[in-house]
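**Q** This one is work18.cif, mmCIF, C-alpha atoms.
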data_data
#
loop_
_atom_site.group_PDB
_atom_site.id
_atom_site.type_symbol
_atom_site.label_atom_id
_atom_site.label_comp_id
_atom_site.auth_asym_id
_atom_site.auth_seq_id
_atom_site.Cartn_x
_atom_site.Cartn_y
_atom_site.Cartn_z
ATOM 1 C CA MET A 905 -27.447 -215.986 41.972
ATOM 2 C CA TYR A 906 -25.156 -217.000 39.122
ATOM 3 C CA THR A 907 -26.341 -219.821 36.904
ATOM 4 C CA LYS A 908 -24.172 -222.934 37.342
ATOM 5 C CA ARG A 909 -22.835 -224.505 34.143
ATOM 6 C CA ILE A 910 -22.632 -228.122 32.995
ATOM 7 C CA ILE A 911 -19.746 -228.680 30.582
ATOM 8 C CA PRO A 912 -18.924 -231.887 28.678
ATOM 9 C CA CYS A 913 -15.258 -232.413 27.831
ATOM 10 C CA LEU A 914 -13.761 -233.924 24.701
ATOM 11 C CA ASP A 915 -10.284 -235.329 25.439
ATOM 12 C CA VAL A 916 -8.884 -235.872 21.937
ATOM 13 C CA LYS A 917 -5.983 -238.124 20.905
ATOM 14 C CA ASP A 918 -5.145 -238.996 17.272
ATOM 15 C CA GLY A 919 -8.385 -237.386 16.123
ATOM 16 C CA ARG A 920 -10.645 -239.438 18.427
ATOM 17 C CA VAL A 921 -12.351 -238.678 21.730
ATOM 18 C CA VAL A 922 -10.817 -240.835 24.486
ATOM 19 C CA LYS A 923 -11.388 -241.347 28.204
ATOM 20 C CA GLY A 924 -9.250 -242.995 30.855
ATOM 21 C CA VAL A 925 -8.883 -243.329 34.609
ATOM 22 C CA ASN A 926 -6.338 -241.202 36.518
ATOM 23 C CA PHE A 927 -5.009 -239.994 33.121
ATOM 24 C CA VAL A 928 -4.133 -243.520 31.825
ATOM 25 C CA ASN A 929 -5.784 -246.570 30.148
ATOM 26 C CA LEU A 930 -7.491 -244.512 27.448
ATOM 27 C CA LYS A 931 -10.523 -245.913 25.614
ATOM 28 C CA ASP A 932 -12.128 -244.668 22.403
ATOM 29 C CA ALA A 933 -15.315 -242.619 22.897
ATOM 30 C CA GLY A 934 -16.150 -241.412 19.385
ATOM 31 C CA ASP A 935 -15.656 -238.690 16.781
ATOM 32 C CA PRO A 936 -15.064 -235.164 18.199
ATOM 33 C CA ALA A 937 -17.323 -233.279 15.761
ATOM 34 C CA GLU A 938 -20.169 -235.782 16.162
ATOM 35 C CA GLN A 939 -19.903 -235.721 19.956
ATOM 36 C CA ALA A 940 -19.800 -231.916 19.955
ATOM 37 C CA SER A 941 -22.993 -231.718 17.910
ATOM 38 C CA VAL A 942 -24.770 -234.146 20.260
ATOM 39 C CA TYR A 943 -23.795 -232.070 23.319
ATOM 40 C CA ASP A 944 -24.803 -228.810 21.688
ATOM 41 C CA LYS A 945 -28.303 -230.203 21.063
ATOM 42 C CA ALA A 946 -28.462 -231.848 24.521
ATOM 43 C CA GLY A 947 -28.305 -228.524 26.357
ATOM 44 C CA ALA A 948 -24.650 -228.274 27.384
ATOM 45 C CA ASP A 949 -23.773 -224.758 28.527
ATOM 46 C CA GLU A 950 -20.277 -224.904 27.060
ATOM 47 C CA LEU A 951 -17.869 -227.419 25.582
ATOM 48 C CA VAL A 952 -14.187 -228.063 26.355
ATOM 49 C CA PHE A 953 -11.882 -229.661 23.764
ATOM 50 C CA LEU A 954 -8.451 -230.805 24.974
ATOM 51 C CA ASP A 955 -5.797 -232.139 22.607
ATOM 52 C CA ILE A 956 -4.337 -234.245 25.414
ATOM 53 C CA THR A 957 -1.042 -235.308 23.822
ATOM 54 C CA ALA A 958 -0.102 -232.027 22.098
ATOM 55 C CA SER A 959 2.124 -230.778 24.940
ATOM 56 C CA SER A 960 3.795 -234.113 25.687
ATOM 57 C CA ASP A 961 4.346 -234.659 21.921
ATOM 58 C CA ASN A 962 5.669 -231.078 21.672
ATOM 59 C CA ARG A 963 3.342 -230.145 18.805
ATOM 60 C CA ASP A 964 0.589 -227.626 18.131
ATOM 61 C CA THR A 965 -3.129 -228.357 18.526
ATOM 62 C CA GLN A 966 -4.547 -229.821 15.315
ATOM 63 C CA LEU A 967 -6.473 -226.901 13.823
ATOM 64 C CA GLU A 968 -8.624 -229.050 11.544
ATOM 65 C CA TRP A 969 -10.081 -230.818 14.607
ATOM 66 C CA VAL A 970 -10.942 -227.431 16.132
ATOM 67 C CA ARG A 971 -12.516 -226.240 12.861
ATOM 68 C CA GLU A 972 -14.721 -229.337 12.581
ATOM 69 C CA VAL A 973 -15.950 -229.084 16.171
ATOM 70 C CA ALA A 974 -16.595 -225.325 15.897
ATOM 71 C CA ALA A 975 -18.763 -225.939 12.822
ATOM 72 C CA ASN A 976 -21.003 -228.209 14.918
ATOM 73 C CA VAL A 977 -21.630 -226.089 18.012
ATOM 74 C CA PHE A 978 -23.367 -222.826 18.906
ATOM 75 C CA ILE A 979 -22.302 -222.761 22.562
ATOM 76 C CA PRO A 980 -19.056 -221.314 24.001
ATOM 77 C CA PHE A 981 -16.187 -223.596 23.084
ATOM 78 C CA THR A 982 -12.818 -223.805 24.905
ATOM 79 C CA VAL A 983 -9.721 -225.357 23.308
ATOM 80 C CA GLY A 984 -6.557 -226.493 25.093
ATOM 81 C CA GLY A 985 -3.439 -228.550 24.389
ATOM 82 C CA GLY A 986 -0.119 -227.529 22.871
ATOM 83 C CA ILE A 987 -0.778 -223.768 23.013
ATOM 84 C CA LYS A 988 2.499 -221.967 23.626
ATOM 85 C CA THR A 989 2.210 -218.429 22.193
ATOM 86 C CA VAL A 990 -0.243 -215.596 21.623
ATOM 87 C CA SER A 991 -0.026 -216.502 17.911
ATOM 88 C CA ASP A 992 -1.384 -219.953 18.825
ATOM 89 C CA PHE A 993 -4.270 -218.236 20.639
ATOM 90 C CA LYS A 994 -5.019 -216.226 17.508
ATOM 91 C CA ALA A 995 -4.896 -219.245 15.171
ATOM 92 C CA ILE A 996 -7.304 -221.265 17.339
ATOM 93 C CA LEU A 997 -9.713 -218.389 17.938
ATOM 94 C CA ARG A 998 -9.767 -217.836 14.176
ATOM 95 C CA GLU A 999 -10.940 -221.442 13.728
ATOM 96 C CA GLY A 1000 -13.998 -220.801 15.904
ATOM 97 C CA ALA A 1001 -12.948 -221.292 19.545
ATOM 98 C CA ASP A 1002 -14.232 -218.802 22.138
ATOM 99 C CA LYS A 1003 -11.696 -219.433 24.907
ATOM 100 C CA ILE A 1004 -8.189 -220.843 25.177
ATOM 101 C CA ALA A 1005 -7.082 -223.181 27.966
ATOM 102 C CA ILE A 1006 -3.390 -223.185 28.821
ATOM 103 C CA ASN A 1007 -1.653 -225.454 31.285
ATOM 104 C CA SER A 1008 1.964 -226.550 30.653
ATOM 105 C CA ALA A 1009 2.835 -223.389 28.692
ATOM 106 C CA ALA A 1010 1.435 -221.159 31.444
ATOM 107 C CA ILE A 1011 3.520 -222.973 34.061
ATOM 108 C CA MET A 1012 6.701 -222.623 32.017
ATOM 109 C CA ASN A 1013 5.954 -219.063 30.864
ATOM 110 C CA PRO A 1014 3.456 -217.350 33.221
ATOM 111 C CA LYS A 1015 3.709 -214.154 31.126
ATOM 112 C CA LEU A 1016 1.647 -215.977 28.491
ATOM 113 C CA ILE A 1017 -1.423 -215.582 30.760
ATOM 114 C CA ASN A 1018 -0.878 -211.838 30.884
ATOM 115 C CA GLU A 1019 -0.156 -211.541 27.159
ATOM 116 C CA GLY A 1020 -3.247 -213.534 26.217
ATOM 117 C CA ALA A 1021 -5.457 -211.483 28.535
ATOM 118 C CA GLU A 1022 -4.099 -208.174 27.224
ATOM 119 C CA LYS A 1023 -4.579 -209.143 23.582
ATOM 120 C CA PHE A 1024 -7.894 -211.048 23.718
ATOM 121 C CA GLY A 1025 -9.398 -210.186 27.132
ATOM 122 C CA SER A 1026 -9.361 -212.123 30.413
ATOM 123 C CA GLN A 1027 -12.636 -213.854 29.508
ATOM 124 C CA CYS A 1028 -10.718 -215.694 26.775
ATOM 125 C CA VAL A 1029 -7.955 -217.072 29.027
ATOM 126 C CA VAL A 1030 -8.649 -220.261 30.974
ATOM 127 C CA VAL A 1031 -5.786 -221.584 33.101
ATOM 128 C CA ALA A 1032 -6.082 -225.366 33.369
ATOM 129 C CA ILE A 1033 -4.675 -226.872 36.556
ATOM 130 C CA ASP A 1034 -4.036 -230.608 36.932
ATOM 131 C CA ALA A 1035 -3.600 -231.111 40.686
ATOM 132 C CA LYS A 1036 -2.735 -234.115 42.811
ATOM 133 C CA LYS A 1037 -2.601 -234.493 46.586
ATOM 134 C CA ARG A 1038 0.910 -234.457 48.022
ATOM 135 C CA PRO A 1039 2.179 -237.793 49.408
ATOM 136 C CA ASP A 1040 2.078 -236.262 52.903
ATOM 137 C CA ALA A 1041 -1.571 -235.191 52.243
ATOM 138 C CA GLU A 1042 -0.634 -231.574 52.984
ATOM 139 C CA GLY A 1043 -2.180 -229.734 50.049
ATOM 140 C CA TRP A 1044 -1.839 -230.386 46.303
ATOM 141 C CA THR A 1045 0.820 -229.874 43.660
ATOM 142 C CA ILE A 1046 0.320 -229.095 39.979
ATOM 143 C CA TYR A 1047 1.443 -231.235 37.048
ATOM 144 C CA LYS A 1048 2.308 -230.427 33.440
ATOM 145 C CA ASN A 1049 2.348 -232.418 30.173
ATOM 146 C CA GLY A 1050 -1.012 -234.098 30.712
ATOM 147 C CA GLY A 1051 -0.265 -235.136 34.293
ATOM 148 C CA ARG A 1052 3.174 -236.553 33.545
ATOM 149 C CA VAL A 1053 5.475 -234.108 35.360
ATOM 150 C CA ASP A 1054 5.107 -232.976 39.004
ATOM 151 C CA MET A 1055 6.106 -229.294 39.150
ATOM 152 C CA ASN A 1056 6.181 -229.226 42.982
ATOM 153 C CA ILE A 1057 4.201 -225.959 42.901
ATOM 154 C CA ASP A 1058 1.296 -225.546 45.318
ATOM 155 C CA ALA A 1059 -2.043 -225.631 43.481
ATOM 156 C CA VAL A 1060 -3.752 -222.921 45.558
ATOM 157 C CA GLU A 1061 -0.790 -220.547 45.203
ATOM 158 C CA TRP A 1062 -0.670 -221.168 41.453
ATOM 159 C CA ALA A 1063 -4.403 -220.470 41.067
ATOM 160 C CA ARG A 1064 -3.994 -217.150 42.911
ATOM 161 C CA ARG A 1065 -1.040 -216.211 40.731
ATOM 162 C CA ALA A 1066 -2.918 -217.135 37.549
ATOM 163 C CA GLU A 1067 -5.766 -214.817 38.555
ATOM 164 C CA LYS A 1068 -3.345 -211.948 39.269
ATOM 165 C CA LEU A 1069 -1.757 -212.445 35.843
ATOM 166 C CA GLY A 1070 -5.129 -212.069 34.116
ATOM 167 C CA ALA A 1071 -6.764 -215.503 33.882
ATOM 168 C CA GLY A 1072 -10.541 -215.228 33.547
ATOM 169 C CA GLU A 1073 -11.301 -218.762 34.690
ATOM 170 C CA ILE A 1074 -9.687 -221.843 36.255
ATOM 171 C CA LEU A 1075 -10.290 -225.335 34.867
ATOM 172 C CA LEU A 1076 -9.386 -227.511 37.845
ATOM 173 C CA THR A 1077 -8.864 -231.245 37.372
ATOM 174 C CA SER A 1078 -8.300 -233.554 40.319
ATOM 175 C CA MET A 1079 -5.871 -236.201 39.082
ATOM 176 C CA ASP A 1080 -6.767 -238.354 42.090
ATOM 177 C CA CYS A 1081 -10.448 -238.437 41.108
ATOM 178 C CA ASP A 1082 -10.170 -238.331 37.310
ATOM 179 C CA GLY A 1083 -12.269 -241.054 35.664
ATOM 180 C CA THR A 1084 -12.975 -242.815 38.968
ATOM 181 C CA LYS A 1085 -16.673 -241.796 39.146
ATOM 182 C CA SER A 1086 -16.281 -241.585 42.928
ATOM 183 C CA GLY A 1087 -17.214 -237.896 43.094
ATOM 184 C CA TYR A 1088 -15.388 -234.617 42.587
ATOM 185 C CA ASP A 1089 -12.557 -233.675 44.954
ATOM 186 C CA LEU A 1090 -14.630 -231.319 47.098
ATOM 187 C CA GLU A 1091 -11.760 -230.372 49.399
ATOM 188 C CA LEU A 1092 -9.499 -229.363 46.506
ATOM 189 C CA THR A 1093 -12.283 -227.559 44.628
ATOM 190 C CA LYS A 1094 -13.344 -225.556 47.666
ATOM 191 C CA ALA A 1095 -9.716 -224.693 48.515
ATOM 192 C CA ILE A 1096 -9.202 -223.206 45.035
ATOM 193 C CA ALA A 1097 -12.666 -221.614 44.674
ATOM 194 C CA SER A 1098 -12.363 -219.851 48.029
ATOM 195 C CA SER A 1099 -8.895 -218.527 47.134
ATOM 196 C CA VAL A 1100 -9.798 -216.798 43.841
ATOM 197 C CA SER A 1101 -12.611 -214.514 42.693
ATOM 198 C CA ILE A 1102 -12.754 -215.855 39.110
ATOM 199 C CA PRO A 1103 -14.977 -218.826 38.151
ATOM 200 C CA VAL A 1104 -13.698 -222.340 38.868
ATOM 201 C CA ILE A 1105 -14.706 -225.283 36.674
ATOM 202 C CA ALA A 1106 -14.459 -228.547 38.627
ATOM 203 C CA SER A 1107 -13.283 -231.614 36.721
ATOM 204 C CA GLY A 1108 -12.521 -235.216 37.606
ATOM 205 C CA GLY A 1109 -14.679 -237.793 39.341
ATOM 206 C CA ALA A 1110 -18.332 -237.188 38.363
ATOM 207 C CA GLY A 1111 -20.235 -240.449 38.822
ATOM 208 C CA SER A 1112 -23.762 -239.590 39.973
ATOM 209 C CA LEU A 1113 -26.363 -236.826 40.074
ATOM 210 C CA LYS A 1114 -25.465 -236.134 43.701
ATOM 211 C CA ASP A 1115 -21.822 -235.509 42.730
ATOM 212 C CA PHE A 1116 -22.913 -232.511 40.636
ATOM 213 C CA TYR A 1117 -24.958 -231.111 43.506
ATOM 214 C CA ASP A 1118 -22.115 -231.623 45.981
ATOM 215 C CA VAL A 1119 -19.514 -229.855 43.849
ATOM 216 C CA PHE A 1120 -21.728 -226.755 43.631
ATOM 217 C CA ASP A 1121 -23.000 -226.877 47.206
ATOM 218 C CA GLU A 1122 -19.895 -227.999 49.129
ATOM 219 C CA GLY A 1123 -17.157 -227.474 46.553
ATOM 220 C CA CYS A 1124 -18.325 -223.932 45.673
ATOM 221 C CA ALA A 1125 -17.607 -224.551 41.963
ATOM 222 C CA ASP A 1126 -19.085 -222.306 39.272
ATOM 223 C CA ALA A 1127 -19.225 -225.059 36.664
ATOM 224 C CA ALA A 1128 -18.944 -228.860 36.583
ATOM 225 C CA LEU A 1129 -17.156 -230.675 33.802
ATOM 226 C CA ALA A 1130 -17.675 -234.346 32.983
ATOM 227 C CA ALA A 1131 -16.641 -236.693 30.199
ATOM 228 C CA SER A 1132 -17.216 -240.453 30.358
ATOM 229 C CA LEU A 1133 -20.561 -240.121 32.169
ATOM 230 C CA PHE A 1134 -21.916 -238.207 29.184
ATOM 231 C CA HIS A 1135 -19.934 -239.999 26.450
ATOM 232 C CA TYR A 1136 -21.319 -243.381 27.468
ATOM 233 C CA LYS A 1137 -24.858 -242.068 28.160
ATOM 234 C CA GLU A 1138 -24.799 -242.965 31.848
ATOM 235 C CA LEU A 1139 -26.378 -239.572 32.499
ATOM 236 C CA GLU A 1140 -27.945 -237.022 30.170
ATOM 237 C CA ILE A 1141 -27.206 -233.312 30.548
ATOM 238 C CA ARG A 1142 -30.887 -232.398 30.851
ATOM 239 C CA GLU A 1143 -31.338 -235.035 33.557
ATOM 240 C CA VAL A 1144 -28.461 -233.482 35.543
ATOM 241 C CA LYS A 1145 -29.886 -229.977 35.166
ATOM 242 C CA GLU A 1146 -33.411 -230.944 36.160
ATOM 243 C CA TYR A 1147 -32.051 -232.706 39.253
ATOM 244 C CA LEU A 1148 -30.013 -229.626 40.198
ATOM 245 C CA LYS A 1149 -32.962 -227.289 39.648
ATOM 246 C CA ASP A 1150 -35.124 -229.455 41.935
ATOM 247 C CA LYS A 1151 -32.360 -229.182 44.571
ATOM 248 C CA GLY A 1152 -32.379 -225.379 44.364
ATOM 249 C CA ILE A 1153 -29.290 -224.894 42.167
ATOM 250 C CA SER A 1154 -29.730 -222.228 39.484
ATOM 251 C CA VAL A 1155 -29.176 -223.762 36.012
ATOM 252 C CA ARG A 1156 -30.155 -222.912 32.435
ATOM 253 C CA LEU A 1157 -32.769 -225.417 31.216
#
Let me see the file written as structure tokens.

**A**
Amino acid sequence: MYTKRIIPCLDVKDGRVVKGVNFVNLKDAGDPAEQASVYDKAGADELVFLDITASSDNRDTQLEWVREVAANVFIPFTVGGGIKTVSDFKAILREGADKIAINSAAIMNPKLINEGAEKFGSQCVVVAIDAKKRPDAEGWTIYKNGGRVDMNIDAVEWARRAEKLGAGEILLTSMDCDGTKSGYDLELTKAIASSVSIPVIASGGAGSLKDFYDVFDEGCADAALAASLFHYKELEIREVKEYLKDKGISVRL
């Protein structure tokens, strides 16, 4: 049985960690390097760092932020936001990241997935998918630019294509559940996880211990990502892992 991972996420804007609800109404949640260090010591399995306005502002990820976070962690560290070329991959990996998450750039230039995988290995390429239920409730479409632009592309089809192109992992965020603390989108997560053979990280909606169990048990996720719950100390990572272990989920304590 594969060990399930618990992954805190640092959404960074203007050099500060922020958190909102449904991708809006952002509130300050601290310094990225300080938060990273806390999570590393708290037993996080990995860390995700997203420069959330890089794509919409049409700029590169701020390398100094990546460098400072990398200096504070000894766990695998994924960076996303504003990455458009294989050269961007190289620059960020050089600053200490282990994996690169691409979203808008992968949608606009799917070959980037393939190029990144060929140059750095599939394990380095994480395709981030921001998905929202269609108005008719028939499936989900993907969005780019931090949830601002509906691409009218089916989320399940896009996940399958990303895997074929060489993605090593999917970071799946439910825009409907993001920041609501009402639980992960189990239907969406299971639909994606059952359609690909690469790991799926579920994101958006964690609000209780049971939510983590449900996303592994019913949602078939390989990892669960959370932000505000951990930022504001509503739950501790060790507490989540001990709960999961007691429920029969394999985790690294």

**Q** Please enumerate the residues selected by the PyMOL selection byres ((chain A and resi 1015) around 12) when evaluated against the supplied file, formatted as a ChimeraX atom specification.

**A** /A:988-990,1006,1009-1014,1016-1022,1065-1066,1068-1071

**Q** Which residues, written as a PyMOL selection string, have at least one atom at most 8 Å from Leu1076 of chain A, with only C-alpha atoms counted and residues fewer than 4 positions away on the same chain left out?

**A** chain A and resi 1032-1035+1093+1104-1107

**Q** Env of Ser1101 of chain A: 10 Å cut, atoms = all atoms listed in the file, seq-sep filter 3 positions within chain, self excluded. Answer as an NGL selection string.

**A** :A and (1064 or 1067 or 1072-1073 or 1096-1098 or 1104)

**Q** Return as a ChimeraX atom specification the set of residues that the PyMOL selection byres ((chain A and resi 1044) around 10) yields on the displayed structure.

**A** /A:1034-1043,1045-1047,1056-1061,1078,1092,1095

**Q** Got a sec to resolve the PyMOL selection byres ((chain A and resi 912-915) around 8) on this structure and send the residues as an MDAnalysis selection string?

**A** chainID A and resid 910:911 916:917 921:923 936 939:940 943 948 950:956 1129:1131 1134

**Q** Might you pull out every residue within 7 Å of Gly1123 of chain A, with all atoms listed in the file counted and same-chain residues fewer than 5 positions away left off, and present them as a list in words?

**A** Leu1090, Glu1091, Thr1093, Lys1094 and Asp1118 of chain A

**Q** Quick check, in Å to one decimal: how far apart do atom CA of Pro980 of chain A and atom CA of Cys1028 of chain A lie?

**A**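 We find that atom CA of Pro980 of chain A and atom CA of Cys1028 of chain A lie 10.4 Å from each other.
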
**Q** Find the residues near Lys1114 of chain A: any atom within 12 Å, counting all atoms listed in the file, skip ones fewer than 5 places away on the same chain, and give them as JSON, numbers by chain.

**A** {"A": [1085, 1086, 1087, 1088, 1109, 1119, 1120, 1121, 1122, 1139, 1143, 1144, 1145, 1147, 1148, 1150, 1151, 1153]}

**Q** Between A:Phe981, A:Thr957, A:Gln1027, A:Ser1112, which is the closest to Gly1051 of chain A once you count only C-alpha atoms?

**A**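 Nearest candidate to Gly1051 of chain A out of A:Phe981, A:Thr957, A:Gln1027, A:Ser1112: A:Thr957.
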
**Q** Could you check how far atom CA of Trp1062 of chain A sits from atom CA of Thr1077 of chain A, in Å to one decimal?

**A**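 So the two atoms, atom CA of Trp1062 of chain A and atom CA of Thr1077 of chain A, lie 13.6 Å apart.
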
**Q** Could you give me, as a list of chain:residue names, the residues within 7 Å of segment 968-973 of chain A, counting all atoms listed in the file and dropping anything in the same chain fewer than 3 positions from it?

**A** A:Gly919, A:Pro936, A:Ala937, A:Ala940, A:Asn976, A:Val977, A:Glu999, A:Gly1000

**Q** Give me a file of those residues, with C-alpha atoms, as a CSV table (one decimal), keeping the file's coordinate frame.

**A**
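Just written: again11.csv:
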chain,number,residue,atom,x,y,z
A,919,GLY,CA,-8.4,-237.4,16.1
A,936,PRO,CA,-15.1,-235.2,18.2
A,937,ALA,CA,-17.3,-233.3,15.8
A,940,ALA,CA,-19.8,-231.9,20.0
A,976,ASN,CA,-21.0,-228.2,14.9
A,977,VAL,CA,-21.6,-226.1,18.0
A,999,GLU,CA,-10.9,-221.4,13.7
A,1000,GLY,CA,-14.0,-220.8,15.9

**Q** Find the distance between atom CA of Ala1001 of chain A and atom CA of Ile987 of chain A and write it in Å to one decimal.

**A**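 Atom CA of Ile987 of chain A lies 12.9 Å from atom CA of Ala1001 of chain A.
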
**Q** Restricting the calculation to only C-alpha atoms: of A:Gly934, A:Gly1111, A:Gly1152, A:Pro1103, which residue gets closest to Thr1084 of chain A?

**A** A:Gly1111

**Q** Quick one: what's the axis-aligned box for segment 1089-1095 of chain A, all listed atoms, 4 Å on every side, centre and edges in Å to one decimal, as lines of an AutoDock Vina configuration file?

**A**
center_x = -12.1
center_y = -229.2
center_z = 47.0
size_x = 13.1
size_y = 17.0
size_z = 12.8

**Q** Using the atoms already present, construct N, CA, C and O atoms for segment 1064-1076 of chain A and hand them back as a JSON list (two decimals), in the frame of the given file.

**A**
[["chain", "number", "residue", "atom", "x", "y", "z"],
["A", 1064, "ARG", "N", -4.00, -218.58, 42.54],
["A", 1064, "ARG", "CA", -3.99, -217.15, 42.91],
["A", 1064, "ARG", "C", -3.11, -216.34, 41.95],
["A", 1064, "ARG", "O", -3.47, -215.25, 41.51],
["A", 1065, "ARG", "N", -1.97, -216.92, 41.64],
["A", 1065, "ARG", "CA", -1.04, -216.21, 40.73],
["A", 1065, "ARG", "C", -1.64, -216.08, 39.33],
["A", 1065, "ARG", "O", -1.53, -215.04, 38.69],
["A", 1066, "ALA", "N", -2.29, -217.16, 38.87],
["A", 1066, "ALA", "CA", -2.92, -217.14, 37.55],
["A", 1066, "ALA", "C", -3.97, -216.03, 37.47],
["A", 1066, "ALA", "O", -4.06, -215.30, 36.47],
["A", 1067, "GLU", "N", -4.75, -215.88, 38.53],
["A", 1067, "GLU", "CA", -5.77, -214.82, 38.56],
["A", 1067, "GLU", "C", -5.10, -213.44, 38.48],
["A", 1067, "GLU", "O", -5.53, -212.57, 37.72],
["A", 1068, "LYS", "N", -4.05, -213.24, 39.28],
["A", 1068, "LYS", "CA", -3.34, -211.95, 39.27],
["A", 1068, "LYS", "C", -2.78, -211.62, 37.89],
["A", 1068, "LYS", "O", -2.73, -210.46, 37.48],
["A", 1069, "LEU", "N", -2.34, -212.66, 37.17],
["A", 1069, "LEU", "CA", -1.76, -212.44, 35.84],
["A", 1069, "LEU", "C", -2.81, -212.19, 34.76],
["A", 1069, "LEU", "O", -2.46, -211.84, 33.64],
["A", 1070, "GLY", "N", -4.09, -212.40, 35.09],
["A", 1070, "GLY", "CA", -5.13, -212.07, 34.12],
["A", 1070, "GLY", "C", -6.02, -213.21, 33.66],
["A", 1070, "GLY", "O", -6.84, -213.02, 32.76],
["A", 1071, "ALA", "N", -5.87, -214.40, 34.26],
["A", 1071, "ALA", "CA", -6.76, -215.50, 33.88],
["A", 1071, "ALA", "C", -8.21, -215.13, 34.20],
["A", 1071, "ALA", "O", -8.48, -214.51, 35.23],
["A", 1072, "GLY", "N", -9.14, -215.53, 33.32],
["A", 1072, "GLY", "CA", -10.54, -215.23, 33.55],
["A", 1072, "GLY", "C", -11.28, -216.39, 34.17],
["A", 1072, "GLY", "O", -12.43, -216.24, 34.62],
["A", 1073, "GLU", "N", -10.64, -217.56, 34.21],
["A", 1073, "GLU", "CA", -11.30, -218.76, 34.69],
["A", 1073, "GLU", "C", -10.24, -219.82, 35.00],
["A", 1073, "GLU", "O", -9.18, -219.82, 34.41],
["A", 1074, "ILE", "N", -10.56, -220.71, 35.93],
["A", 1074, "ILE", "CA", -9.69, -221.84, 36.26],
["A", 1074, "ILE", "C", -10.42, -223.14, 35.89],
["A", 1074, "ILE", "O", -11.57, -223.32, 36.31],
["A", 1075, "LEU", "N", -9.76, -223.99, 35.14],
["A", 1075, "LEU", "CA", -10.29, -225.34, 34.87],
["A", 1075, "LEU", "C", -9.48, -226.29, 35.73],
["A", 1075, "LEU", "O", -8.31, -226.57, 35.46],
["A", 1076, "LEU", "N", -10.10, -226.76, 36.82],
["A", 1076, "LEU", "CA", -9.39, -227.51, 37.84],
["A", 1076, "LEU", "C", -9.69, -229.00, 37.75],
["A", 1076, "LEU", "O", -10.83, -229.42, 37.99]]
